[in-house]
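Beneath this line is the structure, given in structure tokens, with notes to follow.
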Amino acid sequence: MQDKRFHSVRLDKDKCKACTNCLKRCPTEAIRVRGGRAHIIDERCIDCGECIRVCDYHAKFAQTDPLSSLEQFKYKIALPAPSLYGQFKHLISPSQVLDGLLAMGFDDVYEVANGADIVTRAIRERMRNAQPEDYPIISSACPAIVRLIRVRFPDLLSHIIDIRQPMEVAAMVAKKEFCKKHNVNPEDVGCFFITPCAAKMTAIRNPIGHETSAVDGAISMLEIYGVLASHIKKNHSDSKRATASSYGVGWANSGGEAAAVCPEHSMAVDGIENVIRVLEEIENNKLQDLVFFEGAACTGGCVGGPLTFENSYVARNAVQMLMNGCDITHPDDKVNDSYLGKYQLIAEKAILPNSVMRLDDDIVEAMRKMEQMEEIVRSLPGYDCGSCGSPTCRTFAEDIVRGFCNKMDCIHILKEQLKIMAQQMVELAKTTRE
Amino acid sequence: MSDKLFVDSYDVASGAFQTAGDASASIKRKLKQLGVDAVTLRRVAVASYEAELNLIIHSNGGNLIMEMSPDEVMLISKDVGPGIPDIGKALEEGYSTASEEARDLGFGAGMGLPNMKRNADHFDIVSEVGVGTTIRMGFAIKR
């Protein structure tokens, strides 16, 4: 079901201590601490999961579909993200993970890495017609980065490649092939993405670039890790079920997509703060030779997702080892032409800017508010301490102008004010005595 | 032209490579909050970054000023010397007088002024050797 306001990242009010850890780390300034707990501003949140990672009290969490949601469908297909392969040490082949998922009760399994192979070919075809002003072409794979660009870099939206994510393509292909093979009704088939992150969950419920997602739900890697691991432990053979190329599997790691899509003149950046720094440079036209840019919100790429079990560096190595055993045919040669025509690989809808950062829809009014904001900023101490509940003194000034708080919420200003009042009281006491 | 409603000024010191990009980043951030359209935003971003770097690389220090009216963003780069002896030449693509230090950092391709001129709707430069250079760039806002 589609829900425009859906966000996977949530707050557990009872666990929140109203500290400022998440406040300080949110890349879109989407968190405020008010009334003794954090609040997430829905319109600003990009579901990157930074707050989940930094919360010492585990008050932030990602809402994903429970395993019980599989029961809504007669037939269930698992769509494992390639990063899932990196969660298990000493695998001889990704096939063991696929067999493990089948043993868990899924009726079929389709590798998202296969989807990545198809997407790789589709992007390369698309890039042939690129115009100079399209460069650098920006990957659409990380939904948190796409949302980040909508909020903070609206002038770079036209650079995002309009090809669907591997997860979407995998779901379309898996469902169609399953229905054909078993002669069943598509409504009876549920495709579940095994997700490393919150952003993919949001991308399913509240998609950008298309009306509805082809994926029916997302199960957190953390939720199935234990059960899946026990099935994998029992099976040491290679069923050769996995067919994705080493390129497709490589999408799990930062740089994998760039290596497959555009090995030269590309750049892969991981970690959302690093991505922001490079997007600033792209905005300034500083990276003139760049053809393709891959940005991943998580350190290491998808293997570093907030819902993964294994340390991202260990997982990265594990994926690398498995890649060595995979088919090394490039998707250009591996992916059949028929896939390009048969499936809707190109995004149907343009990605529009998210104008939530605007002070006002009317430019004159926005200028007036900006002037007010500057004046308030000049009167603030500039400690960026977060005690007022806004991440910085600047955002605090913005919140005042927007009418959400007032200057006395700054404890330093309040202290100054109290000092003056105390002085006045002393003086008042003196005069009344005389 | 309508009345100026918002003015923002930044000091840019000569040789301040460590803080290079801070002033233009702040200008960009404000223009986004003010709701300037994406196309204009990108043009101002490129020009303000080039202007800021020019102040750092070539000038004895100066100011980067953003003046905004509802119809136009105006960028003004004002420095206190050394001044440009031959403006015509400075506007040629590939011509640069950047120091060895700046070139080592990857600057000095001689595209600064041409890039600024290309991105602006109006471009005006006045310079006097020994006094300083003032560049005024206008960007019409799409509404």
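Following the order of the structure tokens, first chain is A, next is B, and so on, with residues numbered from 1 inside each chain and ligands from 1 in the order they appear.
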
Could you list, as a count of residues only, the residues of chain A having an atom within 10 Å of chain B when counting only C-alpha atoms? 35

Compile the contact shell of Leu53 of chain B as a ChimeraX atom specification: residues with an atom at most 10 Å away, counting only C-alpha atoms, same-chain residues fewer than 5 positions apart removed. /B:12,14-17,20-21,23-24,47-48,58-59,102,107-108,112

Can you write out the residues you just picked, keeping all heavy atoms, as a CSV table (one decimal), in the first residue's frame?
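Output contents, as saved in result25.csv:
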chain,number,residue,atom,x,y,z
B,12,VAL,N,37.0,37.9,2.2
B,12,VAL,CA,37.8,36.8,1.7
B,12,VAL,C,39.2,37.2,1.7
B,12,VAL,O,39.6,38.2,1.0
B,12,VAL,CB,37.3,36.4,0.2
B,12,VAL,CG1,38.1,35.2,-0.3
B,12,VAL,CG2,35.8,36.0,0.2
B,14,SER,N,43.4,37.0,1.2
B,14,SER,CA,44.3,36.5,0.1
B,14,SER,C,45.0,35.2,0.7
B,14,SER,O,45.4,35.1,1.8
B,14,SER,CB,45.3,37.6,-0.1
B,14,SER,OG,46.3,37.1,-1.0
B,15,GLY,N,45.0,34.2,-0.2
B,15,GLY,CA,45.7,33.0,0.2
B,15,GLY,C,45.0,32.1,1.1
B,15,GLY,O,45.6,31.1,1.6
B,16,ALA,N,43.7,32.3,1.4
B,16,ALA,CA,43.0,31.6,2.4
B,16,ALA,C,42.4,30.3,1.7
B,16,ALA,O,41.2,30.0,1.7
B,16,ALA,CB,41.8,32.4,2.9
B,17,PHE,N,43.3,29.4,1.3
B,17,PHE,CA,42.9,28.2,0.6
B,17,PHE,C,42.1,27.2,1.6
B,17,PHE,O,41.3,26.5,1.2
B,17,PHE,CB,44.1,27.4,0.1
B,17,PHE,CG,44.6,28.1,-1.2
B,17,PHE,CD1,45.8,28.8,-1.1
B,17,PHE,CD2,44.0,28.0,-2.4
B,17,PHE,CE1,46.3,29.5,-2.2
B,17,PHE,CE2,44.5,28.6,-3.5
B,17,PHE,CZ,45.6,29.3,-3.5
B,20,ALA,N,38.6,28.1,1.4
B,20,ALA,CA,38.1,28.3,0.0
B,20,ALA,C,36.7,27.5,-0.2
B,20,ALA,O,36.6,26.4,0.1
B,20,ALA,CB,39.1,27.8,-1.0
B,21,GLY,N,35.8,28.3,-0.6
B,21,GLY,CA,34.5,27.7,-0.9
B,21,GLY,C,33.4,27.9,0.2
B,21,GLY,O,32.2,27.7,0.0
B,23,ALA,N,32.4,30.9,1.5
B,23,ALA,CA,31.5,32.0,1.2
B,23,ALA,C,30.5,31.6,0.2
B,23,ALA,O,29.3,31.8,0.3
B,23,ALA,CB,32.3,33.2,0.7
B,24,SER,N,31.0,30.9,-0.9
B,24,SER,CA,30.1,30.5,-1.9
B,24,SER,C,29.1,29.4,-1.4
B,24,SER,O,27.9,29.4,-1.9
B,24,SER,CB,30.8,30.1,-3.2
B,24,SER,OG,31.8,29.2,-3.0
B,47,ALA,N,29.6,30.8,-10.6
B,47,ALA,CA,30.2,32.1,-10.6
B,47,ALA,C,30.7,32.5,-9.2
B,47,ALA,O,31.8,33.1,-9.1
B,47,ALA,CB,29.2,33.1,-11.2
B,48,SER,N,30.0,32.2,-8.2
B,48,SER,CA,30.4,32.7,-6.8
B,48,SER,C,31.6,31.9,-6.4
B,48,SER,O,32.5,32.5,-5.7
B,48,SER,CB,29.3,32.6,-5.8
B,48,SER,OG,28.9,31.2,-5.6
B,58,HIS,N,44.3,35.6,-6.6
B,58,HIS,CA,44.9,36.7,-7.2
B,58,HIS,C,44.9,38.0,-6.5
B,58,HIS,O,45.7,38.9,-6.8
B,58,HIS,CB,44.2,37.0,-8.6
B,58,HIS,CG,44.3,35.8,-9.5
B,58,HIS,ND1,45.4,35.5,-10.2
B,58,HIS,CD2,43.3,34.9,-9.9
B,58,HIS,CE1,45.2,34.4,-10.9
B,58,HIS,NE2,43.9,34.0,-10.7
B,59,SER,N,44.0,38.2,-5.5
B,59,SER,CA,43.9,39.5,-4.9
B,59,SER,C,44.7,39.7,-3.6
B,59,SER,O,45.2,38.7,-3.1
B,59,SER,CB,42.4,39.8,-4.6
B,59,SER,OG,42.0,39.3,-3.4
B,102,ALA,N,49.3,28.2,-6.3
B,102,ALA,CA,47.9,28.0,-6.7
B,102,ALA,C,47.8,26.9,-7.7
B,102,ALA,O,46.9,26.0,-7.7
B,102,ALA,CB,47.3,29.3,-7.2
B,107,PHE,N,44.6,24.9,-9.3
B,107,PHE,CA,43.9,26.1,-9.8
B,107,PHE,C,44.8,26.7,-10.9
B,107,PHE,O,45.8,26.2,-11.2
B,107,PHE,CB,43.7,27.1,-8.6
B,107,PHE,CG,42.9,26.5,-7.5
B,107,PHE,CD1,43.5,26.3,-6.2
B,107,PHE,CD2,41.6,26.2,-7.6
B,107,PHE,CE1,42.8,25.8,-5.2
B,107,PHE,CE2,40.9,25.6,-6.6
B,107,PHE,CZ,41.5,25.4,-5.4
B,108,GLY,N,44.2,27.8,-11.4
B,108,GLY,CA,45.0,28.6,-12.4
B,108,GLY,C,44.9,28.1,-13.8
B,108,GLY,O,45.8,28.1,-14.6
B,112,GLY,N,38.6,31.1,-14.7
B,112,GLY,CA,37.9,31.8,-13.7
B,112,GLY,C,37.0,32.9,-14.3
B,112,GLY,O,35.8,32.8,-14.2

Looking at B:Leu113, B:Ile84, B:Ile27, B:Leu91, which one is nearest to Asn54 of chain B, with distances taken over only C-alpha atoms?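 When distances to Asn54 of chain B are compared using only C-alpha atoms, the smallest one comes from B:Leu113.
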
Residues near His90 of chain A, cut-off 10 Å, only C-alpha atoms, skip fewer than 3 positions along chain, as number ranges by chain: A: 86, 93, 236, 318, 321-322

Which value, in Å to one decimal, gives the distance between atom CA of Phe178 of chain A and atom CA of Asp108 of chain A?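 Straight-line distance from atom CA of Phe178 of chain A to atom CA of Asp108 of chain A works out to 7.9 Å.
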
Can you pull out every residue from segment 4-167 of chain A that DSSP, working from the backbone, puts in alpha helix (DSSP H), and format the result as a VMD selection string? chain A and resid 21 to 25 50 to 54 95 to 103 112 to 127 143 to 152 166 to 167

Excluding segment 289-305 of chain A and residues on its chain fewer than 3 positions from it, collect all residues at most 6 Å away from it, counting only C-alpha atoms, and give them as a list in words.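 Contacts, in chain order: Ser83, Tyr135, Pro136, Ile137, Ile138, Ser139, Cys142, Pro196, Cys197, Ala252, Asn253, Ser254, His265, Ser266, Met267, Ala268, Val269, Asp270, Gly271, Ile272, Val275, Thr308 and Ser312 of chain A.
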
Report as an mmCIF file with N, CA, C and O atoms, in the first residue's frame all protein, DNA and RNA residues lying within 10 Å of Glu128 of chain B, evaluated on only C-alpha atoms, omitting residues in the same chain fewer than 3 positions from it.
data_model
loop_
_atom_site.group_PDB
_atom_site.id
_atom_site.type_symbol
_atom_site.label_atom_id
_atom_site.label_comp_id
_atom_site.auth_asym_id
_atom_site.auth_seq_id
_atom_site.Cartn_x
_atom_site.Cartn_y
_atom_site.Cartn_z
ATOM 1 N N VAL B 80 41.117 44.831 -2.978
ATOM 2 C CA VAL B 80 41.943 46.020 -2.725
ATOM 3 C C VAL B 80 43.286 45.923 -3.465
ATOM 4 O O VAL B 80 44.309 46.377 -2.983
ATOM 5 N N GLY B 81 43.261 45.335 -4.618
ATOM 6 C CA GLY B 81 44.474 45.234 -5.418
ATOM 7 C C GLY B 81 44.872 43.795 -5.633
ATOM 8 O O GLY B 81 44.255 42.905 -5.062
ATOM 9 N N PRO B 82 45.850 43.545 -6.489
ATOM 10 C CA PRO B 82 46.715 44.523 -7.140
ATOM 11 C C PRO B 82 46.133 45.172 -8.407
ATOM 12 O O PRO B 82 46.765 46.082 -8.939
ATOM 13 N N GLY B 83 45.006 44.720 -8.889
ATOM 14 C CA GLY B 83 44.470 45.277 -10.132
ATOM 15 C C GLY B 83 44.949 44.490 -11.341
ATOM 16 O O GLY B 83 45.991 43.847 -11.297
ATOM 17 N N ILE B 84 44.149 44.528 -12.418
ATOM 18 C CA ILE B 84 44.471 43.750 -13.623
ATOM 19 C C ILE B 84 44.976 44.710 -14.710
ATOM 20 O O ILE B 84 44.256 45.626 -15.114
ATOM 21 N N PRO B 85 46.239 44.536 -15.186
ATOM 22 C CA PRO B 85 46.774 45.460 -16.190
ATOM 23 C C PRO B 85 46.047 45.357 -17.537
ATOM 24 O O PRO B 85 45.811 46.354 -18.189
ATOM 25 N N ASP B 86 45.685 44.125 -17.955
ATOM 26 C CA ASP B 86 45.056 43.953 -19.261
ATOM 27 C C ASP B 86 43.800 43.089 -19.122
ATOM 28 O O ASP B 86 43.862 41.862 -19.134
ATOM 29 N N ILE B 87 42.655 43.747 -18.957
ATOM 30 C CA ILE B 87 41.405 43.020 -18.712
ATOM 31 C C ILE B 87 41.042 42.127 -19.895
ATOM 32 O O ILE B 87 40.602 40.997 -19.733
ATOM 33 N N VAL B 131 45.076 49.816 -7.294
ATOM 34 C CA VAL B 131 43.875 50.179 -6.525
ATOM 35 C C VAL B 131 43.004 48.953 -6.241
ATOM 36 O O VAL B 131 42.732 48.616 -5.089
ATOM 37 N N GLY B 132 42.579 48.276 -7.283
ATOM 38 C CA GLY B 132 41.758 47.081 -7.075
ATOM 39 C C GLY B 132 40.828 46.806 -8.227
ATOM 40 O O GLY B 132 40.776 47.545 -9.210
ATOM 41 N N THR B 133 40.087 45.699 -8.069
ATOM 42 C CA THR B 133 39.172 45.243 -9.122
ATOM 43 C C THR B 133 37.777 45.075 -8.538
ATOM 44 O O THR B 133 37.627 44.579 -7.423
ATOM 45 N N THR B 134 36.777 45.504 -9.283
ATOM 46 C CA THR B 134 35.389 45.260 -8.890
ATOM 47 C C THR B 134 34.675 44.582 -10.043
ATOM 48 O O THR B 134 34.712 45.064 -11.176
#

In terms of the shortest atom-to-atom distance over only C-alpha atoms, which of A:Pro143, A:Pro132, A:Gly115, A:Pro82 is closest to His159 of chain A? A:Pro132

So that I can check the surroundings of Lys13 of chain A, please list as a list in words every protein, DNA and RNA residue that reaches within 7 Å of it, counting only C-alpha atoms and ignoring chain neighbours fewer than 3 positions away. Cys16, Arg37 and Ala59 of chain A

Distance query Gly62 of chain B at most 7 Å, only C-alpha atoms, self and fewer than 5 positions along chain excluded, as JSON, numbers by chain: {"B": [11, 12, 13, 55, 78, 79, 80]}

Distance atom CA of Ser77 of chain B-atom CA of Arg103 of chain B, one decimal place?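 Those two atoms sit 21.7 Å apart.
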
From segment 106-336 of chain A, collect each residue whose DSSP state is strand (DSSP E) and return the set as a list in words.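 For segment 106-336 of chain A, the strand (DSSP E) set is Asp108, Val109, Ile137, Ile138, Val189, Gly190, Cys191, Phe192, Phe193, Ile194, Thr195, Gly217, Ala218, Ile219, Ser220, Ser266, Met267, Ala268, Val269, Asp270, Phe292, Phe293, Glu294, Gly295 and Ala296 of chain A.
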
Could you write those residues out with N, CA, C and O atoms, as a short mmCIF file (atom, residue, chain, number, x, y, z; two decimals), in the first residue's frame?
data_model
loop_
_atom_site.label_atom_id
_atom_site.label_comp_id
_atom_site.auth_asym_id
_atom_site.auth_seq_id
_atom_site.Cartn_x
_atom_site.Cartn_y
_atom_site.Cartn_z
N ASP A 108 10.36 -19.08 -4.09
CA ASP A 108 11.36 -18.85 -5.13
C ASP A 108 12.28 -17.74 -4.64
O ASP A 108 11.98 -17.04 -3.67
N VAL A 109 13.40 -17.58 -5.34
CA VAL A 109 14.35 -16.55 -4.98
C VAL A 109 14.92 -15.99 -6.26
O VAL A 109 15.13 -16.72 -7.23
N ILE A 137 26.60 12.15 -14.80
CA ILE A 137 25.36 11.43 -14.56
C ILE A 137 25.45 10.86 -13.14
O ILE A 137 26.47 10.31 -12.74
N ILE A 138 24.37 11.06 -12.39
CA ILE A 138 24.38 10.63 -10.99
C ILE A 138 23.54 9.37 -10.83
O ILE A 138 22.42 9.28 -11.35
N VAL A 189 1.27 -13.52 -5.81
CA VAL A 189 2.72 -13.60 -5.64
C VAL A 189 3.25 -12.34 -4.94
O VAL A 189 2.98 -11.23 -5.39
N GLY A 190 3.98 -12.51 -3.86
CA GLY A 190 4.58 -11.38 -3.14
C GLY A 190 6.09 -11.40 -3.28
O GLY A 190 6.72 -12.43 -3.02
N CYS A 191 6.68 -10.27 -3.71
CA CYS A 191 8.13 -10.16 -3.83
C CYS A 191 8.67 -9.38 -2.64
O CYS A 191 8.29 -8.22 -2.43
N PHE A 192 9.55 -9.99 -1.86
CA PHE A 192 10.08 -9.34 -0.67
C PHE A 192 11.57 -9.10 -0.77
O PHE A 192 12.35 -10.04 -0.93
N PHE A 193 11.93 -7.84 -0.67
CA PHE A 193 13.34 -7.44 -0.74
C PHE A 193 13.97 -7.68 0.64
O PHE A 193 13.38 -7.31 1.66
N ILE A 194 15.13 -8.32 0.66
CA ILE A 194 15.84 -8.51 1.93
C ILE A 194 16.78 -7.31 2.05
O ILE A 194 17.79 -7.22 1.36
N THR A 195 16.40 -6.38 2.92
CA THR A 195 17.02 -5.04 2.87
C THR A 195 18.11 -4.77 3.91
O THR A 195 17.99 -5.17 5.07
N GLY A 217 7.21 -5.80 -0.32
CA GLY A 217 7.59 -5.55 1.06
C GLY A 217 9.08 -5.67 1.24
O GLY A 217 9.80 -6.06 0.31
N ALA A 218 9.56 -5.28 2.43
CA ALA A 218 10.99 -5.38 2.71
C ALA A 218 11.18 -6.02 4.08
O ALA A 218 10.54 -5.63 5.05
N ILE A 219 12.02 -7.02 4.13
CA ILE A 219 12.35 -7.69 5.39
C ILE A 219 13.78 -7.29 5.75
O ILE A 219 14.68 -7.34 4.91
N SER A 220 13.96 -6.89 6.99
CA SER A 220 15.28 -6.46 7.44
C SER A 220 16.24 -7.63 7.49
O SER A 220 15.89 -8.73 7.93
N SER A 266 34.74 7.90 -13.63
CA SER A 266 33.65 7.83 -12.67
C SER A 266 34.23 8.01 -11.28
O SER A 266 35.45 7.95 -11.08
N MET A 267 33.35 8.26 -10.32
CA MET A 267 33.79 8.44 -8.94
C MET A 267 32.74 7.81 -8.04
O MET A 267 31.55 7.98 -8.28
N ALA A 268 33.21 7.05 -7.05
CA ALA A 268 32.27 6.45 -6.09
C ALA A 268 32.60 7.00 -4.72
O ALA A 268 33.76 6.97 -4.30
N VAL A 269 31.60 7.53 -4.04
CA VAL A 269 31.81 8.12 -2.72
C VAL A 269 30.83 7.49 -1.75
O VAL A 269 29.65 7.32 -2.06
N ASP A 270 31.31 7.14 -0.57
CA ASP A 270 30.43 6.53 0.43
C ASP A 270 30.45 7.33 1.72
O ASP A 270 31.43 8.01 2.02
N PHE A 292 30.41 9.84 -14.52
CA PHE A 292 29.42 9.11 -13.71
C PHE A 292 29.77 9.23 -12.24
O PHE A 292 30.92 9.05 -11.84
N PHE A 293 28.75 9.56 -11.43
CA PHE A 293 28.95 9.69 -9.99
C PHE A 293 28.06 8.72 -9.23
O PHE A 293 26.84 8.72 -9.40
N GLU A 294 28.69 7.90 -8.41
CA GLU A 294 27.95 6.96 -7.56
C GLU A 294 28.10 7.43 -6.11
O GLU A 294 29.21 7.53 -5.61
N GLY A 295 26.99 7.70 -5.46
CA GLY A 295 27.04 8.11 -4.06
C GLY A 295 26.24 7.14 -3.22
O GLY A 295 25.12 6.79 -3.57
N ALA A 296 26.83 6.69 -2.10
CA ALA A 296 26.11 5.79 -1.19
C ALA A 296 26.07 6.45 0.17
O ALA A 296 27.09 6.94 0.66
#

Grab the atom CA of Val261 of chain A to atom CA of Ile163 of chain A distance for me, in Å with one decimal place.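 According to the coordinates, atom CA of Val261 of chain A and atom CA of Ile163 of chain A are separated by 12.3 Å.
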